Amino acid sequence: MPVYFNDGTDDPLAFDSQPLIGGVNSYGRASTIPQQSASYLKNVELSTSGITKSRRGAHYLYNQVYGTIHAIIALRTPIWDYGVMIFADGHVYLHTEAVQGILFNDVYDSSVQAHKCSVTEINGAVFFTDSNGSIIAVRQNGSEDILVDADGNTIWDDVDSIATYDVAVEVTDPDAPTDVRCLTAHRFRLVCANGIDEVHFSDILPDVSDPALGDVFPAGGANSLRVGDGRSDKVVALVPFKDFRIAVLKENSVHIINADPSLTVSNYEIQMVSDRVGCLAEKSAVRVGDDILFLSRDGIRSIGTAYQQDQIGTSDPLSLPIQDIIEKINWSYAQKSCATFWRGRYMLTVPYLNSTVPNVTIVYDTNTKAWAGIWTEWKPSMFDVYEPLNGRRRLIWPDTNYNNIVYLRDHIDEDATVETDFTDNLDGTFQPVPFEIVTRAMTFNDPISPKQCDFAELEFFKSKARVNVELIVDGLDPQSIESGQLLVTGTGDLTLDFILPSVLGTPGVIRHNLSLLGNDVGREFQVRVTSCPETQLTEAGLTNNEQRYIAMRYVTMGAYLETMDSQK
């Protein structure tokens, strides 16, 4: 309640806090969102412990650039030496921990658009389509020594005691569909779409003897289905689902096919999930546990919410708390969006504002069931998970910043990280990752009375970064705190050129109590914490090592509620 004029008391000191950051709600009014929600988050990770941390950096996987990368696939098999196959510039590359080179030259149209290409694998045979021609199969045969360098010299042959490979061949089965898209593997079958609503299933392929000559698809289109009610509703994505099911996401509807292997394809059951919600981008549709998340025309939805909407008539998209971010998507190029599910996060990269390629990643944390804001600086065109032999799994993607392959450094244990693990290295140079945290608006349980802030206390835990801290009063421009000085969030480390049996200078709990008495009077207040730009670090005589890592726990504020004159 407002505090009215009273000669008998002084202005009381009130308190409010952001006890932890469990997610972001940037669409709601900053003073009415839940207490554990922030107003804005950029390049930070959520945790169930209540500590908001800097995201890890991304480094290039191979020091090689391409014109255009159309697709990649990580191969978890000794047949391909646990390497990454890259379809770029019309060629096929194979990169492993030992060697990198060209498998085949000019096997597909290099002018195709990357978001229309798809690739999958069955028992070591790789299948690729650019959506304009036949399916291309790349398989082991042992008859060619064909991994070569840029000059055409063989670099991987029988001398190395590694299997050799046949040339890439088109699937010339006369019954195979052409101009296919959405190519994927499901229960040892190739599944793809063409036309408006046709979905095709290959025969079961336990072994791929010779896709150039053998029968891959049955005669007469026996393994094809028409999905939908016949209207011009194009198939956009095919996503293998739990049990034997596969989700068919169309432009304006969602369906589930029960691909029971005990039945013929013609007897597969098709269930319509919703005719009110559709998918906008093929690579945005990703399985997340027992659900599938995807980009629709009104935000990010799931199979579950689509079903709910169809049943009750109305349902908000999952992305409603960040609808202001969704509204800034460049919808003219949204079909290029791509996503992945990695370490409990659904990560969707979209073209943002005026960008024509995906450049901002929207992150949903399934552990906290909340949005973690946006991650920037990357421009992926698709994602995959790479697991090198005797190495840890890591997230990789083609990055259109420099047209190379990069990977996320979050496979490094926290106690083994170094400063470069929190910087991006996309082209051979290390760049600090810019982060930003804006708390909810604190009203001190009184949305009406004017207030004079007394202090703000920020707590950091095992943090190491210099940050800028600002006060936002009534949603206006941020005001500097502490005369704009950089705030030290950690106790510092001691770096030695030899190994000790103990860790020295491990940063612990740091609390900063900042005076706010010189700032404007207002009704509601937010604290904004941002990273230091590289120029500011340089001017302060600091390096990336001083901007490595932020880990913030809470913000508490105190304010004097000023009395209000009685209405006249």
# chains A, B, ... in the order shown; residues from 1 in each chain; ligands from 1
>>> residues_around(residues="Asn354 (chain A)", least_positions_apart="2", cutoff="10 Å", atoms="only C-alpha atoms", output="PyMOL selection string")
chain A and resi 328-333+351-352+356-357
>>> write_last_selection(atoms="N, CA and C atoms", output="compact mmCIF listing (two decimals), in the first residue's frame")
# COMPACT_ATOMS: atom_id res chain seq x y z
N LYS A 328 10.91 -10.34 -33.16
CA LYS A 328 12.04 -9.75 -33.88
C LYS A 328 12.68 -10.71 -34.87
N ILE A 329 12.11 -11.90 -35.01
CA ILE A 329 12.60 -12.84 -36.03
C ILE A 329 12.33 -12.26 -37.42
N ASN A 330 13.29 -12.39 -38.31
CA ASN A 330 13.09 -11.98 -39.70
C ASN A 330 12.32 -13.10 -40.39
N TRP A 331 11.00 -12.97 -40.43
CA TRP A 331 10.14 -14.06 -40.88
C TRP A 331 10.32 -14.36 -42.36
N SER A 332 10.87 -13.43 -43.12
CA SER A 332 11.10 -13.70 -44.54
C SER A 332 12.15 -14.78 -44.74
N TYR A 333 13.01 -15.00 -43.72
CA TYR A 333 14.08 -16.00 -43.83
C TYR A 333 14.00 -17.02 -42.69
N PRO A 351 17.05 -16.19 -37.83
CA PRO A 351 17.49 -14.90 -38.37
C PRO A 351 16.84 -13.78 -37.55
N TYR A 352 17.64 -12.93 -37.00
CA TYR A 352 17.15 -11.92 -36.04
C TYR A 352 17.25 -10.54 -36.65
N THR A 356 19.73 -12.21 -42.70
CA THR A 356 19.15 -13.17 -43.64
C THR A 356 19.60 -14.60 -43.36
N VAL A 357 20.46 -14.79 -42.36
CA VAL A 357 20.90 -16.12 -41.94
C VAL A 357 20.68 -16.24 -40.43
>>> residues_around(residues="Ser39 (chain A)", least_positions_apart="2", cutoff="9 Å", atoms="only C-alpha atoms", output="list in words")
Gly23, Val24, Asn25, Ser26, Tyr27, Gly28, Arg29, Ala30, Ile33, Ser37, Leu41, Ile437, Val438, Thr439, Arg440, Ala441 and Gln526 of chain A
>>> write_last_selection(atoms="C-alpha atoms", output="PDB file, in the first residue's frame")
ATOM      1  CA  GLY A  23      14.694 -18.060 -16.286  1.00  0.00           C
ATOM      2  CA  VAL A  24      13.787 -15.007 -18.302  1.00  0.00           C
ATOM      3  CA  ASN A  25      10.428 -13.369 -18.907  1.00  0.00           C
ATOM      4  CA  SER A  26      11.136 -10.467 -21.219  1.00  0.00           C
ATOM      5  CA  TYR A  27       7.589 -10.144 -22.567  1.00  0.00           C
ATOM      6  CA  GLY A  28       5.819  -9.487 -19.276  1.00  0.00           C
ATOM      7  CA  ARG A  29       5.966  -6.226 -17.348  1.00  0.00           C
ATOM      8  CA  ALA A  30       9.248  -6.258 -15.454  1.00  0.00           C
ATOM      9  CA  ILE A  33       6.991 -11.248 -13.572  1.00  0.00           C
ATOM     10  CA  SER A  37      12.584 -14.466 -13.419  1.00  0.00           C
ATOM     11  CA  LEU A  41      19.521 -12.614 -20.368  1.00  0.00           C
ATOM     12  CA  ILE A 437      21.811  -9.793 -17.079  1.00  0.00           C
ATOM     13  CA  VAL A 438      18.876  -7.499 -16.283  1.00  0.00           C
ATOM     14  CA  THR A 439      16.936  -8.335 -13.134  1.00  0.00           C
ATOM     15  CA  ARG A 440      13.200  -8.069 -12.730  1.00  0.00           C
ATOM     16  CA  ALA A 441      11.900  -4.667 -11.595  1.00  0.00           C
ATOM     17  CA  GLN A 526      16.364  -2.996 -12.065  1.00  0.00           C
TER      18      GLN A 526
END
>>> closest_residue(among="A:Ile257, A:Ala222, A:Leu249, A:Val385", to="Asp275 (chain A)", atoms="only C-alpha atoms")
A:Leu249
>>> residues_around(residues="Tyr560 (chain A)", least_positions_apart="5", cutoff="8 Å", atoms="only C-alpha atoms", output="ChimeraX atom specification")
/A:11-14,451-454
>>> write_last_selection(atoms="N, CA and C atoms", output="PDB file, in the first residue's frame")
ATOM      1  N   ASP A  11      10.818   8.044   6.893  1.00  0.00           N
ATOM      2  CA  ASP A  11      10.616   7.126   5.770  1.00  0.00           C
ATOM      3  C   ASP A  11      11.224   5.775   6.104  1.00  0.00           C
ATOM      4  N   PRO A  12      10.463   4.682   5.976  1.00  0.00           N
ATOM      5  CA  PRO A  12      10.998   3.360   6.336  1.00  0.00           C
ATOM      6  C   PRO A  12      11.929   2.829   5.256  1.00  0.00           C
ATOM      7  N   LEU A  13      12.840   1.949   5.648  1.00  0.00           N
ATOM      8  CA  LEU A  13      13.721   1.264   4.707  1.00  0.00           C
ATOM      9  C   LEU A  13      13.084  -0.071   4.330  1.00  0.00           C
ATOM     10  N   ALA A  14      12.863  -0.283   3.041  1.00  0.00           N
ATOM     11  CA  ALA A  14      12.255  -1.519   2.550  1.00  0.00           C
ATOM     12  C   ALA A  14      13.283  -2.293   1.743  1.00  0.00           C
ATOM     13  N   LYS A 451      10.453   6.125  -4.471  1.00  0.00           N
ATOM     14  CA  LYS A 451      11.449   5.520  -3.585  1.00  0.00           C
ATOM     15  C   LYS A 451      12.819   6.085  -3.915  1.00  0.00           C
ATOM     16  N   GLN A 452      13.634   6.209  -2.900  1.00  0.00           N
ATOM     17  CA  GLN A 452      15.031   6.561  -3.064  1.00  0.00           C
ATOM     18  C   GLN A 452      15.859   5.340  -2.708  1.00  0.00           C
ATOM     19  N   CYS A 453      16.545   4.765  -3.705  1.00  0.00           N
ATOM     20  CA  CYS A 453      17.330   3.561  -3.432  1.00  0.00           C
ATOM     21  C   CYS A 453      18.495   3.888  -2.511  1.00  0.00           C
ATOM     22  N   ASP A 454      18.746   2.986  -1.573  1.00  0.00           N
ATOM     23  CA  ASP A 454      19.853   3.153  -0.634  1.00  0.00           C
ATOM     24  C   ASP A 454      21.073   2.347  -1.067  1.00  0.00           C
TER      25      ASP A 454
END
>>> residues_around(residues="region 123-131 of chain A", least_positions_apart="4", cutoff="10 Å", atoms="only C-alpha atoms", output="MDAnalysis selection string")
chainID A and resid 70:73 75:80 85 87 90 108:119 135:140 168:171 178:185 188 190 192:194 205:209 211
>>> atom_distance(atom1="CA of Ala456 (chain A)", atom2="CA of Ala38 (chain A)")
16.1 Å
>>> closest_residue(among="A:Glu251, A:Asp89, A:Glu327, A:Asp399", to="Asn425 (chain A)", atoms="only C-alpha atoms")
A:Asp399
>>> residues_around(residues="Phe104 (chain A)", least_positions_apart="2", cutoff="6 Å", atoms="only C-alpha atoms", output="compact mmCIF listing (two decimals) with C-alpha atoms, in the first residue's frame")
# COMPACT_ATOMS: atom_id res chain seq x y z
CA HIS A 91 32.11 -31.87 -52.84
CA VAL A 92 32.22 -34.46 -50.05
CA ILE A 102 38.24 -34.57 -50.06
>>> closest_residue(among="A:Val467, A:Val288, A:Val488, A:Ile481", to="Tyr364 (chain A)", atoms="only C-alpha atoms")
A:Val288
>>> decode(residues="region 65-87 of chain A", atoms="N, CA and C atoms", output="CSV table (one decimal), in the first residue's frame")
chain,number,residue,atom,x,y,z
A,65,VAL,N,38.3,-23.6,-44.2
A,65,VAL,CA,37.1,-22.8,-44.6
A,65,VAL,C,36.6,-23.3,-45.9
A,66,TYR,N,35.3,-23.1,-46.2
A,66,TYR,CA,34.6,-23.5,-47.4
A,66,TYR,C,33.9,-22.4,-48.0
A,67,GLY,N,33.4,-22.6,-49.2
A,67,GLY,CA,32.5,-21.6,-49.8
A,67,GLY,C,31.1,-21.6,-49.1
A,68,THR,N,30.4,-22.7,-49.2
A,68,THR,CA,29.2,-22.9,-48.6
A,68,THR,C,29.1,-24.3,-48.0
A,69,ILE,N,28.8,-24.5,-46.8
A,69,ILE,CA,28.6,-25.8,-46.2
A,69,ILE,C,27.1,-26.1,-46.2
A,70,HIS,N,26.8,-27.2,-46.9
A,70,HIS,CA,25.4,-27.6,-47.1
A,70,HIS,C,24.9,-28.5,-46.1
A,71,ALA,N,25.7,-29.4,-45.5
A,71,ALA,CA,25.3,-30.4,-44.5
A,71,ALA,C,26.5,-31.0,-43.9
A,72,ILE,N,26.4,-31.4,-42.7
A,72,ILE,CA,27.5,-32.2,-42.0
A,72,ILE,C,26.8,-33.4,-41.3
A,73,ILE,N,27.6,-34.4,-41.1
A,73,ILE,CA,27.1,-35.6,-40.2
A,73,ILE,C,28.3,-36.2,-39.5
A,74,ALA,N,28.2,-36.3,-38.2
A,74,ALA,CA,29.2,-37.0,-37.4
A,74,ALA,C,28.9,-38.5,-37.4
A,75,LEU,N,29.9,-39.3,-37.7
A,75,LEU,CA,29.8,-40.7,-37.9
A,75,LEU,C,30.4,-41.5,-36.7
A,76,ARG,N,29.6,-42.1,-35.9
A,76,ARG,CA,30.1,-42.8,-34.8
A,76,ARG,C,30.3,-44.3,-35.1
A,77,THR,N,31.2,-44.5,-36.0
A,77,THR,CA,31.5,-45.9,-36.5
A,77,THR,C,33.0,-46.0,-36.9
A,78,PRO,N,33.7,-47.1,-36.7
A,78,PRO,CA,35.0,-47.2,-37.1
A,78,PRO,C,35.1,-47.3,-38.7
A,79,ILE,N,34.0,-47.5,-39.4
A,79,ILE,CA,34.1,-47.5,-40.8
A,79,ILE,C,34.6,-46.2,-41.3
A,80,TRP,N,34.2,-45.1,-40.7
A,80,TRP,CA,34.6,-43.8,-41.1
A,80,TRP,C,35.5,-43.2,-40.1
A,81,ASP,N,36.2,-44.0,-39.3
A,81,ASP,CA,37.2,-43.6,-38.3
A,81,ASP,C,36.6,-42.5,-37.4
A,82,TYR,N,35.4,-42.6,-37.0
A,82,TYR,CA,34.7,-41.6,-36.1
A,82,TYR,C,34.9,-40.2,-36.6
A,83,GLY,N,34.8,-40.0,-37.9
A,83,GLY,CA,35.0,-38.7,-38.4
A,83,GLY,C,33.7,-37.9,-38.7
A,84,VAL,N,33.9,-36.7,-39.3
A,84,VAL,CA,32.8,-35.9,-39.7
A,84,VAL,C,32.8,-35.8,-41.2
A,85,MET,N,31.7,-36.1,-41.8
A,85,MET,CA,31.5,-36.0,-43.3
A,85,MET,C,30.9,-34.6,-43.6
A,86,ILE,N,31.5,-33.9,-44.5
A,86,ILE,CA,31.0,-32.5,-44.8
A,86,ILE,C,30.7,-32.4,-46.2
A,87,PHE,N,29.5,-31.9,-46.5
A,87,PHE,CA,29.0,-31.7,-47.9
A,87,PHE,C,29.1,-30.2,-48.1
